[in-house]
file data.txt (compact mmCIF, N, CA and C atoms)
# COMPACT_ATOMS: atom_id res chain seq x y z
N MET A 288 -7.73 -15.66 27.88
CA MET A 288 -6.90 -14.62 27.29
C MET A 288 -7.70 -13.34 27.15
N GLY A 289 -7.03 -12.24 27.32
CA GLY A 289 -7.68 -10.95 27.19
C GLY A 289 -7.68 -10.47 25.74
N PHE A 290 -8.35 -9.40 25.54
CA PHE A 290 -8.49 -8.81 24.20
C PHE A 290 -7.13 -8.47 23.60
N PHE A 291 -6.28 -7.79 24.38
CA PHE A 291 -5.00 -7.34 23.86
C PHE A 291 -4.05 -8.50 23.58
N SER A 292 -4.09 -9.52 24.41
CA SER A 292 -3.22 -10.68 24.14
C SER A 292 -3.69 -11.42 22.90
N ASP A 293 -5.01 -11.51 22.69
CA ASP A 293 -5.53 -12.12 21.46
C ASP A 293 -5.12 -11.29 20.24
N PHE A 294 -5.21 -9.97 20.39
CA PHE A 294 -4.83 -9.08 19.29
C PHE A 294 -3.35 -9.23 18.97
N LYS A 295 -2.51 -9.27 20.01
CA LYS A 295 -1.07 -9.45 19.81
C LYS A 295 -0.78 -10.79 19.14
N ALA A 296 -1.45 -11.86 19.57
CA ALA A 296 -1.25 -13.17 18.95
C ALA A 296 -1.66 -13.15 17.48
N SER A 297 -2.73 -12.43 17.18
CA SER A 297 -3.19 -12.33 15.79
C SER A 297 -2.18 -11.58 14.94
N LEU A 298 -1.61 -10.52 15.48
CA LEU A 298 -0.62 -9.74 14.73
C LEU A 298 0.67 -10.50 14.49
N MET A 299 1.02 -11.37 15.40
CA MET A 299 2.29 -12.07 15.30
C MET A 299 2.23 -13.31 14.42
N LYS A 300 1.08 -13.61 13.88
CA LYS A 300 1.00 -14.73 12.95
C LYS A 300 1.80 -14.40 11.71
N GLY A 301 2.34 -15.40 11.08
CA GLY A 301 3.17 -15.20 9.90
C GLY A 301 2.42 -14.56 8.75
N ASP A 302 1.14 -14.86 8.60
CA ASP A 302 0.37 -14.31 7.49
C ASP A 302 0.25 -12.80 7.57
N VAL A 303 0.00 -12.28 8.76
CA VAL A 303 -0.17 -10.84 8.93
C VAL A 303 1.15 -10.13 8.67
N LEU A 304 2.24 -10.68 9.20
CA LEU A 304 3.54 -10.06 8.98
C LEU A 304 3.94 -10.11 7.52
N SER A 305 3.64 -11.22 6.86
CA SER A 305 3.94 -11.32 5.42
C SER A 305 3.13 -10.32 4.62
N LEU A 306 1.87 -10.16 4.98
CA LEU A 306 1.03 -9.19 4.28
C LEU A 306 1.54 -7.77 4.50
N ALA A 307 1.91 -7.45 5.71
CA ALA A 307 2.43 -6.10 6.00
C ALA A 307 3.71 -5.85 5.21
N THR A 308 4.58 -6.82 5.16
CA THR A 308 5.82 -6.69 4.39
C THR A 308 5.50 -6.50 2.91
N ALA A 309 4.55 -7.26 2.40
CA ALA A 309 4.18 -7.15 0.99
C ALA A 309 3.61 -5.77 0.67
N VAL A 310 2.83 -5.21 1.58
CA VAL A 310 2.25 -3.89 1.36
C VAL A 310 3.34 -2.83 1.30
N VAL A 311 4.30 -2.90 2.22
CA VAL A 311 5.38 -1.92 2.23
C VAL A 311 6.23 -2.04 0.97
N ILE A 312 6.58 -3.26 0.61
CA ILE A 312 7.38 -3.47 -0.60
C ILE A 312 6.59 -3.06 -1.84
N GLY A 313 5.29 -3.35 -1.84
CA GLY A 313 4.44 -2.96 -2.96
C GLY A 313 4.38 -1.45 -3.14
N GLY A 314 4.32 -0.72 -2.02
CA GLY A 314 4.33 0.75 -2.10
C GLY A 314 5.62 1.27 -2.70
N ALA A 315 6.73 0.72 -2.27
CA ALA A 315 8.02 1.13 -2.81
C ALA A 315 8.13 0.74 -4.27
N PHE A 316 7.65 -0.45 -4.60
CA PHE A 316 7.68 -0.91 -5.99
C PHE A 316 6.82 -0.02 -6.87
N GLY A 317 5.68 0.42 -6.34
CA GLY A 317 4.82 1.33 -7.10
C GLY A 317 5.51 2.63 -7.43
N LYS A 318 6.31 3.14 -6.50
CA LYS A 318 7.05 4.38 -6.77
C LYS A 318 8.11 4.16 -7.85
N ILE A 319 8.77 3.01 -7.80
CA ILE A 319 9.78 2.70 -8.82
C ILE A 319 9.13 2.61 -10.19
N VAL A 320 8.03 1.88 -10.28
CA VAL A 320 7.34 1.73 -11.56
C VAL A 320 6.77 3.07 -12.02
N GLY A 321 6.23 3.85 -11.09
CA GLY A 321 5.71 5.18 -11.45
C GLY A 321 6.80 6.06 -12.04
N SER A 322 7.98 6.01 -11.44
CA SER A 322 9.10 6.78 -11.97
C SER A 322 9.53 6.26 -13.33
N ALA A 323 9.55 4.93 -13.48
CA ALA A 323 9.92 4.35 -14.78
C ALA A 323 8.93 4.78 -15.86
N VAL A 324 7.66 4.81 -15.52
CA VAL A 324 6.64 5.21 -16.49
C VAL A 324 6.77 6.69 -16.81
N ASP A 325 6.79 7.54 -15.77
CA ASP A 325 6.78 8.98 -15.97
C ASP A 325 8.08 9.51 -16.58
N ASP A 326 9.21 8.95 -16.13
CA ASP A 326 10.50 9.52 -16.51
C ASP A 326 11.18 8.83 -17.69
N VAL A 327 10.77 7.59 -18.00
CA VAL A 327 11.44 6.86 -19.07
C VAL A 327 10.48 6.52 -20.21
N ILE A 328 9.37 5.88 -19.88
CA ILE A 328 8.50 5.34 -20.92
C ILE A 328 7.62 6.41 -21.57
N MET A 329 7.00 7.28 -20.75
CA MET A 329 6.11 8.28 -21.33
C MET A 329 6.84 9.27 -22.24
N PRO A 330 8.07 9.70 -21.94
CA PRO A 330 8.76 10.54 -22.91
C PRO A 330 8.99 9.82 -24.25
N ILE A 331 9.25 8.53 -24.19
CA ILE A 331 9.42 7.75 -25.43
C ILE A 331 8.09 7.67 -26.18
N VAL A 332 7.00 7.42 -25.43
CA VAL A 332 5.68 7.39 -26.06
C VAL A 332 5.35 8.76 -26.64
N GLY A 333 5.69 9.82 -25.91
CA GLY A 333 5.46 11.18 -26.41
C GLY A 333 6.26 11.45 -27.67
N LEU A 334 7.48 10.95 -27.74
CA LEU A 334 8.31 11.12 -28.93
C LEU A 334 7.70 10.38 -30.12
N ILE A 335 7.23 9.18 -29.87
CA ILE A 335 6.61 8.38 -30.93
C ILE A 335 5.32 9.03 -31.43
N THR A 336 4.56 9.62 -30.51
CA THR A 336 3.28 10.23 -30.89
C THR A 336 3.41 11.70 -31.26
N GLY A 337 4.63 12.19 -31.42
CA GLY A 337 4.82 13.57 -31.84
C GLY A 337 4.79 14.57 -30.70
N GLY A 338 5.20 14.17 -29.52
CA GLY A 338 5.27 15.09 -28.39
C GLY A 338 3.97 15.27 -27.64
N ILE A 339 3.05 14.35 -27.79
CA ILE A 339 1.77 14.45 -27.10
C ILE A 339 1.95 14.09 -25.63
N ASP A 340 1.48 14.96 -24.74
CA ASP A 340 1.45 14.67 -23.31
C ASP A 340 0.01 14.29 -22.99
N PHE A 341 -0.21 13.02 -22.70
CA PHE A 341 -1.56 12.52 -22.51
C PHE A 341 -2.26 13.17 -21.32
N THR A 342 -1.52 13.55 -20.30
CA THR A 342 -2.17 14.10 -19.11
C THR A 342 -2.80 15.46 -19.36
N THR A 343 -2.49 16.11 -20.46
CA THR A 343 -3.09 17.42 -20.77
C THR A 343 -4.26 17.30 -21.74
N LYS A 344 -4.63 16.11 -22.13
CA LYS A 344 -5.74 15.91 -23.07
C LYS A 344 -7.06 15.93 -22.31
N PHE A 345 -8.02 16.69 -22.85
CA PHE A 345 -9.30 16.82 -22.17
C PHE A 345 -10.39 17.20 -23.18
N ILE A 346 -11.62 17.01 -22.74
CA ILE A 346 -12.79 17.42 -23.51
C ILE A 346 -13.65 18.27 -22.58
N THR A 347 -14.05 19.45 -23.05
CA THR A 347 -14.92 20.30 -22.23
C THR A 347 -16.37 19.94 -22.51
N LEU A 348 -17.17 19.97 -21.48
CA LEU A 348 -18.58 19.62 -21.63
C LEU A 348 -19.47 20.83 -21.83
N ASP A 349 -18.91 22.04 -21.70
CA ASP A 349 -19.73 23.23 -21.87
C ASP A 349 -19.73 23.75 -23.31
N GLY A 350 -19.00 23.10 -24.21
CA GLY A 350 -18.99 23.50 -25.61
C GLY A 350 -17.95 24.55 -25.97
N ASN A 351 -17.34 25.19 -25.01
CA ASN A 351 -16.30 26.18 -25.28
C ASN A 351 -14.96 25.48 -25.46
N SER A 352 -14.04 26.18 -26.13
CA SER A 352 -12.69 25.63 -26.26
C SER A 352 -11.74 26.49 -25.44
N TYR A 353 -10.79 25.82 -24.83
CA TYR A 353 -9.83 26.49 -23.96
C TYR A 353 -8.42 26.14 -24.44
N VAL A 354 -7.50 27.03 -24.14
CA VAL A 354 -6.11 26.86 -24.57
C VAL A 354 -5.51 25.60 -23.97
N ASP A 355 -5.72 25.41 -22.67
CA ASP A 355 -5.18 24.24 -22.02
C ASP A 355 -6.09 23.85 -20.86
N LEU A 356 -5.73 22.76 -20.21
CA LEU A 356 -6.54 22.23 -19.11
C LEU A 356 -6.62 23.21 -17.94
N ALA A 357 -5.52 23.88 -17.64
CA ALA A 357 -5.52 24.85 -16.54
C ALA A 357 -6.51 25.98 -16.80
N ALA A 358 -6.57 26.45 -18.04
CA ALA A 358 -7.51 27.53 -18.38
C ALA A 358 -8.95 27.06 -18.25
N ALA A 359 -9.22 25.83 -18.65
CA ALA A 359 -10.57 25.29 -18.54
C ALA A 359 -10.98 25.15 -17.08
N LYS A 360 -10.05 24.69 -16.24
CA LYS A 360 -10.37 24.54 -14.82
C LYS A 360 -10.53 25.89 -14.14
N THR A 361 -9.72 26.88 -14.56
CA THR A 361 -9.84 28.23 -14.00
C THR A 361 -11.20 28.82 -14.34
N ALA A 362 -11.68 28.55 -15.56
CA ALA A 362 -12.98 29.06 -15.98
C ALA A 362 -14.13 28.30 -15.33
N GLY A 363 -13.81 27.21 -14.63
CA GLY A 363 -14.86 26.44 -13.96
C GLY A 363 -15.62 25.52 -14.89
N ALA A 364 -15.04 25.23 -16.03
CA ALA A 364 -15.71 24.36 -17.00
C ALA A 364 -15.63 22.91 -16.54
N ALA A 365 -16.69 22.16 -16.84
CA ALA A 365 -16.67 20.72 -16.57
C ALA A 365 -15.87 20.06 -17.68
N VAL A 366 -14.87 19.30 -17.29
CA VAL A 366 -13.98 18.67 -18.27
C VAL A 366 -13.86 17.18 -18.00
N ILE A 367 -13.68 16.45 -19.08
CA ILE A 367 -13.34 15.03 -19.01
C ILE A 367 -11.87 14.94 -19.39
N THR A 368 -11.05 14.54 -18.43
CA THR A 368 -9.61 14.44 -18.69
C THR A 368 -9.29 13.00 -19.10
N TYR A 369 -9.60 12.68 -20.35
CA TYR A 369 -9.38 11.33 -20.84
C TYR A 369 -7.89 10.99 -20.92
N GLY A 370 -7.04 11.98 -20.96
CA GLY A 370 -5.60 11.74 -20.99
C GLY A 370 -5.12 11.06 -19.71
N ASN A 371 -5.74 11.41 -18.58
CA ASN A 371 -5.38 10.75 -17.32
C ASN A 371 -5.74 9.27 -17.36
N LEU A 372 -6.86 8.94 -18.00
CA LEU A 372 -7.25 7.54 -18.15
C LEU A 372 -6.24 6.80 -19.01
N VAL A 373 -5.82 7.41 -20.11
CA VAL A 373 -4.81 6.78 -20.96
C VAL A 373 -3.54 6.55 -20.17
N GLN A 374 -3.12 7.54 -19.40
CA GLN A 374 -1.92 7.41 -18.56
C GLN A 374 -2.07 6.27 -17.56
N ALA A 375 -3.24 6.17 -16.92
CA ALA A 375 -3.47 5.12 -15.93
C ALA A 375 -3.45 3.74 -16.57
N VAL A 376 -4.01 3.62 -17.77
CA VAL A 376 -4.00 2.33 -18.48
C VAL A 376 -2.57 1.94 -18.83
N ILE A 377 -1.78 2.89 -19.31
CA ILE A 377 -0.38 2.60 -19.63
C ILE A 377 0.38 2.20 -18.36
N ASN A 378 0.15 2.91 -17.26
CA ASN A 378 0.78 2.55 -15.98
C ASN A 378 0.41 1.13 -15.56
N PHE A 379 -0.87 0.79 -15.69
CA PHE A 379 -1.33 -0.55 -15.31
C PHE A 379 -0.66 -1.62 -16.14
N VAL A 380 -0.59 -1.42 -17.44
CA VAL A 380 0.03 -2.42 -18.32
C VAL A 380 1.50 -2.60 -17.96
N ILE A 381 2.18 -1.51 -17.69
CA ILE A 381 3.60 -1.60 -17.36
C ILE A 381 3.80 -2.27 -16.00
N ILE A 382 2.98 -1.93 -15.02
CA ILE A 382 3.07 -2.57 -13.71
C ILE A 382 2.79 -4.07 -13.84
N ALA A 383 1.76 -4.42 -14.61
CA ALA A 383 1.45 -5.84 -14.81
C ALA A 383 2.62 -6.56 -15.48
N LEU A 384 3.29 -5.91 -16.41
CA LEU A 384 4.45 -6.51 -17.07
C LEU A 384 5.59 -6.71 -16.08
N PHE A 385 5.87 -5.70 -15.25
CA PHE A 385 6.93 -5.83 -14.24
C PHE A 385 6.62 -6.96 -13.27
N VAL A 386 5.38 -7.04 -12.79
CA VAL A 386 5.00 -8.09 -11.85
C VAL A 386 5.12 -9.45 -12.50
N PHE A 387 4.70 -9.57 -13.76
CA PHE A 387 4.81 -10.83 -14.49
C PHE A 387 6.27 -11.27 -14.59
N ILE A 388 7.15 -10.33 -14.93
CA ILE A 388 8.57 -10.66 -15.07
C ILE A 388 9.14 -11.11 -13.73
N ILE A 389 8.80 -10.43 -12.65
CA ILE A 389 9.31 -10.80 -11.33
C ILE A 389 8.78 -12.16 -10.90
N LEU A 390 7.49 -12.40 -11.08
CA LEU A 390 6.91 -13.69 -10.71
C LEU A 390 7.51 -14.83 -11.55
N ARG A 391 7.72 -14.57 -12.80
CA ARG A 391 8.32 -15.60 -13.67
C ARG A 391 9.74 -15.93 -13.21
N ALA A 392 10.51 -14.91 -12.86
CA ALA A 392 11.87 -15.15 -12.37
C ALA A 392 11.84 -15.90 -11.04
N ALA A 393 10.89 -15.55 -10.16
CA ALA A 393 10.77 -16.23 -8.88
C ALA A 393 10.41 -17.70 -9.07
N GLU A 394 9.52 -18.00 -10.02
CA GLU A 394 9.14 -19.39 -10.29
C GLU A 394 10.33 -20.17 -10.82
N LYS A 395 11.13 -19.56 -11.68
CA LYS A 395 12.32 -20.24 -12.20
C LYS A 395 13.31 -20.53 -11.08
N MET A 396 13.49 -19.58 -10.17
CA MET A 396 14.39 -19.80 -9.04
C MET A 396 13.86 -20.90 -8.13
N LYS A 397 12.54 -20.93 -7.93
CA LYS A 397 11.93 -21.93 -7.09
C LYS A 397 12.12 -23.33 -7.68
N LYS A 398 11.97 -23.45 -8.99
CA LYS A 398 12.16 -24.74 -9.65
C LYS A 398 13.60 -25.20 -9.52
N LYS A 399 14.57 -24.28 -9.65
CA LYS A 399 15.97 -24.64 -9.50
C LYS A 399 16.26 -25.12 -8.09
N GLU A 400 15.66 -24.46 -7.09
CA GLU A 400 15.86 -24.87 -5.70
C GLU A 400 15.28 -26.25 -5.46
N GLU A 401 14.12 -26.55 -6.07
CA GLU A 401 13.51 -27.86 -5.90
C GLU A 401 14.38 -28.95 -6.51
N VAL A 402 15.00 -28.66 -7.65
CA VAL A 402 15.86 -29.66 -8.29
C VAL A 402 17.08 -29.91 -7.43
N VAL A 403 17.68 -28.87 -6.88
CA VAL A 403 18.86 -29.01 -6.02
C VAL A 403 18.49 -29.68 -4.71
N ALA A 404 17.33 -29.37 -4.17
CA ALA A 404 16.93 -29.88 -2.86
C ALA A 404 16.48 -31.33 -2.89
N ALA A 405 16.30 -31.92 -4.05
CA ALA A 405 15.84 -33.30 -4.13
C ALA A 405 16.90 -34.22 -3.52
N ALA A 406 16.54 -34.87 -2.42
CA ALA A 406 17.47 -35.75 -1.72
C ALA A 406 17.47 -37.13 -2.39
N PRO A 407 18.61 -37.82 -2.30
CA PRO A 407 18.63 -39.17 -2.88
C PRO A 407 17.67 -40.08 -2.13
N ALA A 408 17.00 -40.90 -2.87
CA ALA A 408 16.00 -41.78 -2.28
C ALA A 408 16.69 -42.87 -1.46
N GLY A 409 16.15 -43.14 -0.30
CA GLY A 409 16.69 -44.19 0.56
C GLY A 409 16.12 -45.54 0.15
N PRO A 410 16.44 -46.55 0.89
CA PRO A 410 15.92 -47.88 0.56
C PRO A 410 14.40 -47.93 0.71
N SER A 411 13.77 -48.74 -0.11
CA SER A 411 12.32 -48.86 -0.05
C SER A 411 11.93 -49.69 1.18
N GLN A 412 10.65 -49.73 1.44
CA GLN A 412 10.15 -50.47 2.60
C GLN A 412 10.45 -51.96 2.46
N GLU A 413 10.32 -52.47 1.24
CA GLU A 413 10.60 -53.90 1.02
C GLU A 413 12.07 -54.21 1.27
N GLU A 414 12.96 -53.30 0.84
CA GLU A 414 14.39 -53.51 1.05
C GLU A 414 14.72 -53.50 2.54
N LEU A 415 14.12 -52.59 3.28
CA LEU A 415 14.36 -52.56 4.73
C LEU A 415 13.85 -53.83 5.41
N LEU A 416 12.68 -54.27 5.02
CA LEU A 416 12.14 -55.49 5.61
C LEU A 416 13.02 -56.70 5.26
N THR A 417 13.53 -56.73 4.05
CA THR A 417 14.43 -57.82 3.64
C THR A 417 15.70 -57.81 4.48
N GLN A 418 16.24 -56.61 4.71
CA GLN A 418 17.46 -56.50 5.52
C GLN A 418 17.18 -56.95 6.96
N ILE A 419 16.04 -56.57 7.51
CA ILE A 419 15.69 -56.98 8.88
C ILE A 419 15.52 -58.49 8.95
N ARG A 420 14.85 -59.06 7.95
CA ARG A 420 14.66 -60.52 7.90
C ARG A 420 15.99 -61.24 7.87
N ASP A 421 16.91 -60.74 7.03
CA ASP A 421 18.22 -61.35 6.90
C ASP A 421 19.00 -61.27 8.20
N LEU A 422 18.89 -60.12 8.91
CA LEU A 422 19.57 -59.97 10.18
C LEU A 422 19.00 -60.91 11.24
N LEU A 423 17.69 -61.07 11.21
CA LEU A 423 17.04 -61.98 12.17
C LEU A 423 17.42 -63.44 11.90
N LYS A 424 17.61 -63.79 10.64
CA LYS A 424 18.01 -65.17 10.29
C LYS A 424 19.40 -65.46 10.85
N LYS A 425 20.28 -64.50 10.85
CA LYS A 425 21.63 -64.72 11.34
C LYS A 425 21.59 -64.92 12.81
call {"tool": "encode", "arguments": {"input": "data.txt", "output": "structure tokens"}}
result
Amino acid sequence: MGFFSDFKASLMKGDVLSLATAVVIGGAFGKIVGSAVDDVIMPIVGLITGGIDFTTKFITLDGNSYVDLAAAKTAGAAVITYGNLVQAVINFVIIALFVFIILRAAEKMKKKEEVVAAAPAGPSQEELLTQIRDLLKK
């Protein structure tokens, strides 16, 4: 086999296709969760915390104080934007919660399918041998 045929065979394996599908769905899911966080959850968190927007929170390292993050960046000051870290942690927790809920639902569905798919047990080996013996006797 040549290089390209080996490469094609590798790509057509179920694992690679499943991984590619998971990556595409994961990207779309990330956008949904990002929107849920930015558009629904963070405004509620901001309301609870008195209107604080975490993404605008920063500490300047040069000792000066600035009106906002844009002014500090315009002045060329070195800043630590700890608000972005808080936002990322909140996003991670929410994404982990969404994934947990989806996996839990999938496991419940899988268990239901296993219960439905359980076929009635046939005769045991001893019963089959007994039936064969009885037929041979006749």
call {"tool": "atom_distance", "arguments": {"input": "data.txt", "atom1": "atom N of Leu306 in chain A", "atom2": "atom C of Lys398 in chain A"}}
result
24.0 Å
call {"tool": "atom_distance", "arguments": {"input": "data.txt", "atom1": "atom C of Lys397 in chain A", "atom2": "atom C of Leu384 in chain A"}}
result
19.7 Å
call {"tool": "closest_residue", "arguments": {"input": "data.txt", "among": "A:Val324, A:Ile312, A:Val303, A:Met396", "to": "Asn378 in chain A", "atoms": "all atoms listed in the file"}}
result
A:Val324
call {"tool": "closest_residue", "arguments": {"input": "data.txt", "among": "A:Met329, A:Glu400, A:Gly314, A:Gln418", "to": "Phe341 in chain A", "atoms": "only C-alpha atoms"}}
result
A:Met329
call {"tool": "residues_around", "arguments": {"input": "data.txt", "residues": "Ile367 in chain A", "least_positions_apart": "6", "cutoff": "8 Å", "atoms": "only C-alpha atoms", "output": "list in words"}}
result
Phe345, Ile346, Thr347 and Leu348 of chain A
call {"tool": "atom_distance", "arguments": {"input": "data.txt", "atom1": "CA of Thr343 in chain A", "atom2": "CA of Gly313 in chain A"}}
result
28.1 Å
call {"tool": "select_by_dssp", "arguments": {"input": "data.txt", "residues": "range 325-369 of chain A", "states": "alpha helix (DSSP H)", "output": "mmCIF file with N, CA and C atoms, in the frame of the given file"}}
result
data_model
loop_
_atom_site.group_PDB
_atom_site.id
_atom_site.type_symbol
_atom_site.label_atom_id
_atom_site.label_comp_id
_atom_site.auth_asym_id
_atom_site.auth_seq_id
_atom_site.Cartn_x
_atom_site.Cartn_y
_atom_site.Cartn_z
ATOM 1 N N MET A 329 7.000 7.280 -20.750
ATOM 2 C CA MET A 329 6.110 8.280 -21.330
ATOM 3 C C MET A 329 6.840 9.270 -22.240
ATOM 4 N N PRO A 330 8.070 9.700 -21.940
ATOM 5 C CA PRO A 330 8.760 10.540 -22.910
ATOM 6 C C PRO A 330 8.990 9.820 -24.250
ATOM 7 N N ILE A 331 9.250 8.530 -24.190
ATOM 8 C CA ILE A 331 9.420 7.750 -25.430
ATOM 9 C C ILE A 331 8.090 7.670 -26.180
ATOM 10 N N VAL A 332 7.000 7.420 -25.430
ATOM 11 C CA VAL A 332 5.680 7.390 -26.060
ATOM 12 C C VAL A 332 5.350 8.760 -26.640
ATOM 13 N N GLY A 333 5.690 9.820 -25.910
ATOM 14 C CA GLY A 333 5.460 11.180 -26.410
ATOM 15 C C GLY A 333 6.260 11.450 -27.670
ATOM 16 N N LEU A 334 7.480 10.950 -27.740
ATOM 17 C CA LEU A 334 8.310 11.120 -28.930
ATOM 18 C C LEU A 334 7.700 10.380 -30.120
ATOM 19 N N ILE A 335 7.230 9.180 -29.870
ATOM 20 C CA ILE A 335 6.610 8.380 -30.930
ATOM 21 C C ILE A 335 5.320 9.030 -31.430
ATOM 22 N N LEU A 356 -5.730 22.760 -20.210
ATOM 23 C CA LEU A 356 -6.540 22.230 -19.110
ATOM 24 C C LEU A 356 -6.620 23.210 -17.940
ATOM 25 N N ALA A 357 -5.520 23.880 -17.640
ATOM 26 C CA ALA A 357 -5.520 24.850 -16.540
ATOM 27 C C ALA A 357 -6.510 25.980 -16.800
ATOM 28 N N ALA A 358 -6.570 26.450 -18.040
ATOM 29 C CA ALA A 358 -7.510 27.530 -18.380
ATOM 30 C C ALA A 358 -8.950 27.060 -18.250
ATOM 31 N N ALA A 359 -9.220 25.830 -18.650
ATOM 32 C CA ALA A 359 -10.570 25.290 -18.540
ATOM 33 C C ALA A 359 -10.980 25.150 -17.080
ATOM 34 N N LYS A 360 -10.050 24.690 -16.240
ATOM 35 C CA LYS A 360 -10.370 24.540 -14.820
ATOM 36 C C LYS A 360 -10.530 25.890 -14.140
ATOM 37 N N THR A 361 -9.720 26.880 -14.560
ATOM 38 C CA THR A 361 -9.840 28.230 -14.000
ATOM 39 C C THR A 361 -11.200 28.820 -14.340
ATOM 40 N N TYR A 369 -9.600 12.680 -20.350
ATOM 41 C CA TYR A 369 -9.380 11.330 -20.840
ATOM 42 C C TYR A 369 -7.890 10.990 -20.920
#
call {"tool": "axis_aligned_box", "arguments": {"input": "data.txt", "around": "range 393-402 of chain A", "padding_each_side": "5 Å", "output": "lines of an AutoDock Vina configuration file"}}
result
center_x = 13.1
center_y = -22.7
center_z = -8.8
size_x = 17.9
size_y = 24.4
size_z = 16.7
call {"tool": "select_by_dssp", "arguments": {"input": "data.txt", "residues": "chain A", "states": "strand (DSSP E or B)", "output": "list in words"}}
result
Ile346, Thr347, Val366 and Ile367 of chain A
call {"tool": "closest_residue", "arguments": {"input": "data.txt", "among": "A:Asp325, A:Asp349, A:Asp355, A:Asp421", "to": "Ala375 in chain A", "atoms": "only C-alpha atoms"}}
result
A:Asp325
call {"tool": "closest_residue", "arguments": {"input": "data.txt", "among": "A:Ala364, A:Leu356, A:Leu416, A:Val311", "to": "Lys344 in chain A", "atoms": "only C-alpha atoms"}}
result
A:Leu356
call {"tool": "build_atoms", "arguments": {"input": "data.txt", "residues": "range 289-294 of chain A", "atoms": "all heavy atoms", "output": "PDB file, in the coordinates of the input"}}
result
ATOM      1  N   GLY A 289      -7.030 -12.240  27.320  1.00  0.00           N
ATOM      2  CA  GLY A 289      -7.680 -10.950  27.190  1.00  0.00           C
ATOM      3  C   GLY A 289      -7.680 -10.470  25.740  1.00  0.00           C
ATOM      4  O   GLY A 289      -7.080 -11.070  24.849  1.00  0.00           O
ATOM      5  N   PHE A 290      -8.350  -9.400  25.540  1.00  0.00           N
ATOM      6  CA  PHE A 290      -8.490  -8.810  24.200  1.00  0.00           C
ATOM      7  C   PHE A 290      -7.130  -8.470  23.600  1.00  0.00           C
ATOM      8  O   PHE A 290      -6.840  -8.801  22.456  1.00  0.00           O
ATOM      9  CB  PHE A 290      -9.374  -7.568  24.276  1.00  0.00           C
ATOM     10  CG  PHE A 290      -9.480  -6.825  22.978  1.00  0.00           C
ATOM     11  CD1 PHE A 290     -10.318  -7.281  21.965  1.00  0.00           C
ATOM     12  CD2 PHE A 290      -8.729  -5.682  22.749  1.00  0.00           C
ATOM     13  CE1 PHE A 290     -10.406  -6.605  20.764  1.00  0.00           C
ATOM     14  CE2 PHE A 290      -8.816  -5.005  21.549  1.00  0.00           C
ATOM     15  CZ  PHE A 290      -9.655  -5.463  20.557  1.00  0.00           C
ATOM     16  N   PHE A 291      -6.280  -7.790  24.380  1.00  0.00           N
ATOM     17  CA  PHE A 291      -5.000  -7.340  23.860  1.00  0.00           C
ATOM     18  C   PHE A 291      -4.050  -8.500  23.580  1.00  0.00           C
ATOM     19  O   PHE A 291      -3.284  -8.470  22.621  1.00  0.00           O
ATOM     20  CB  PHE A 291      -4.358  -6.315  24.803  1.00  0.00           C
ATOM     21  CG  PHE A 291      -5.096  -5.002  24.800  1.00  0.00           C
ATOM     22  CD1 PHE A 291      -5.839  -4.616  25.897  1.00  0.00           C
ATOM     23  CD2 PHE A 291      -5.076  -4.181  23.683  1.00  0.00           C
ATOM     24  CE1 PHE A 291      -6.533  -3.419  25.891  1.00  0.00           C
ATOM     25  CE2 PHE A 291      -5.763  -2.981  23.664  1.00  0.00           C
ATOM     26  CZ  PHE A 291      -6.493  -2.596  24.769  1.00  0.00           C
ATOM     27  N   SER A 292      -4.090  -9.520  24.410  1.00  0.00           N
ATOM     28  CA  SER A 292      -3.220 -10.680  24.140  1.00  0.00           C
ATOM     29  C   SER A 292      -3.690 -11.420  22.900  1.00  0.00           C
ATOM     30  O   SER A 292      -2.866 -11.918  22.125  1.00  0.00           O
ATOM     31  CB  SER A 292      -3.163 -11.597  25.354  1.00  0.00           C
ATOM     32  OG  SER A 292      -4.456 -12.050  25.700  1.00  0.00           O
ATOM     33  N   ASP A 293      -5.010 -11.510  22.690  1.00  0.00           N
ATOM     34  CA  ASP A 293      -5.530 -12.120  21.460  1.00  0.00           C
ATOM     35  C   ASP A 293      -5.120 -11.290  20.240  1.00  0.00           C
ATOM     36  O   ASP A 293      -4.741 -11.834  19.204  1.00  0.00           O
ATOM     37  CB  ASP A 293      -7.056 -12.234  21.500  1.00  0.00           C
ATOM     38  CG  ASP A 293      -7.537 -13.310  22.440  1.00  0.00           C
ATOM     39  OD1 ASP A 293      -6.714 -14.170  22.820  1.00  0.00           O
ATOM     40  OD2 ASP A 293      -8.742 -13.292  22.780  1.00  0.00           O
ATOM     41  N   PHE A 294      -5.210  -9.970  20.390  1.00  0.00           N
ATOM     42  CA  PHE A 294      -4.830  -9.080  19.290  1.00  0.00           C
ATOM     43  C   PHE A 294      -3.350  -9.230  18.970  1.00  0.00           C
ATOM     44  O   PHE A 294      -2.950  -9.308  17.802  1.00  0.00           O
ATOM     45  CB  PHE A 294      -5.167  -7.636  19.661  1.00  0.00           C
ATOM     46  CG  PHE A 294      -4.879  -6.645  18.583  1.00  0.00           C
ATOM     47  CD1 PHE A 294      -5.586  -6.655  17.391  1.00  0.00           C
ATOM     48  CD2 PHE A 294      -3.892  -5.685  18.742  1.00  0.00           C
ATOM     49  CE1 PHE A 294      -5.324  -5.739  16.390  1.00  0.00           C
ATOM     50  CE2 PHE A 294      -3.614  -4.765  17.758  1.00  0.00           C
ATOM     51  CZ  PHE A 294      -4.333  -4.790  16.569  1.00  0.00           C
TER      52      PHE A 294
END
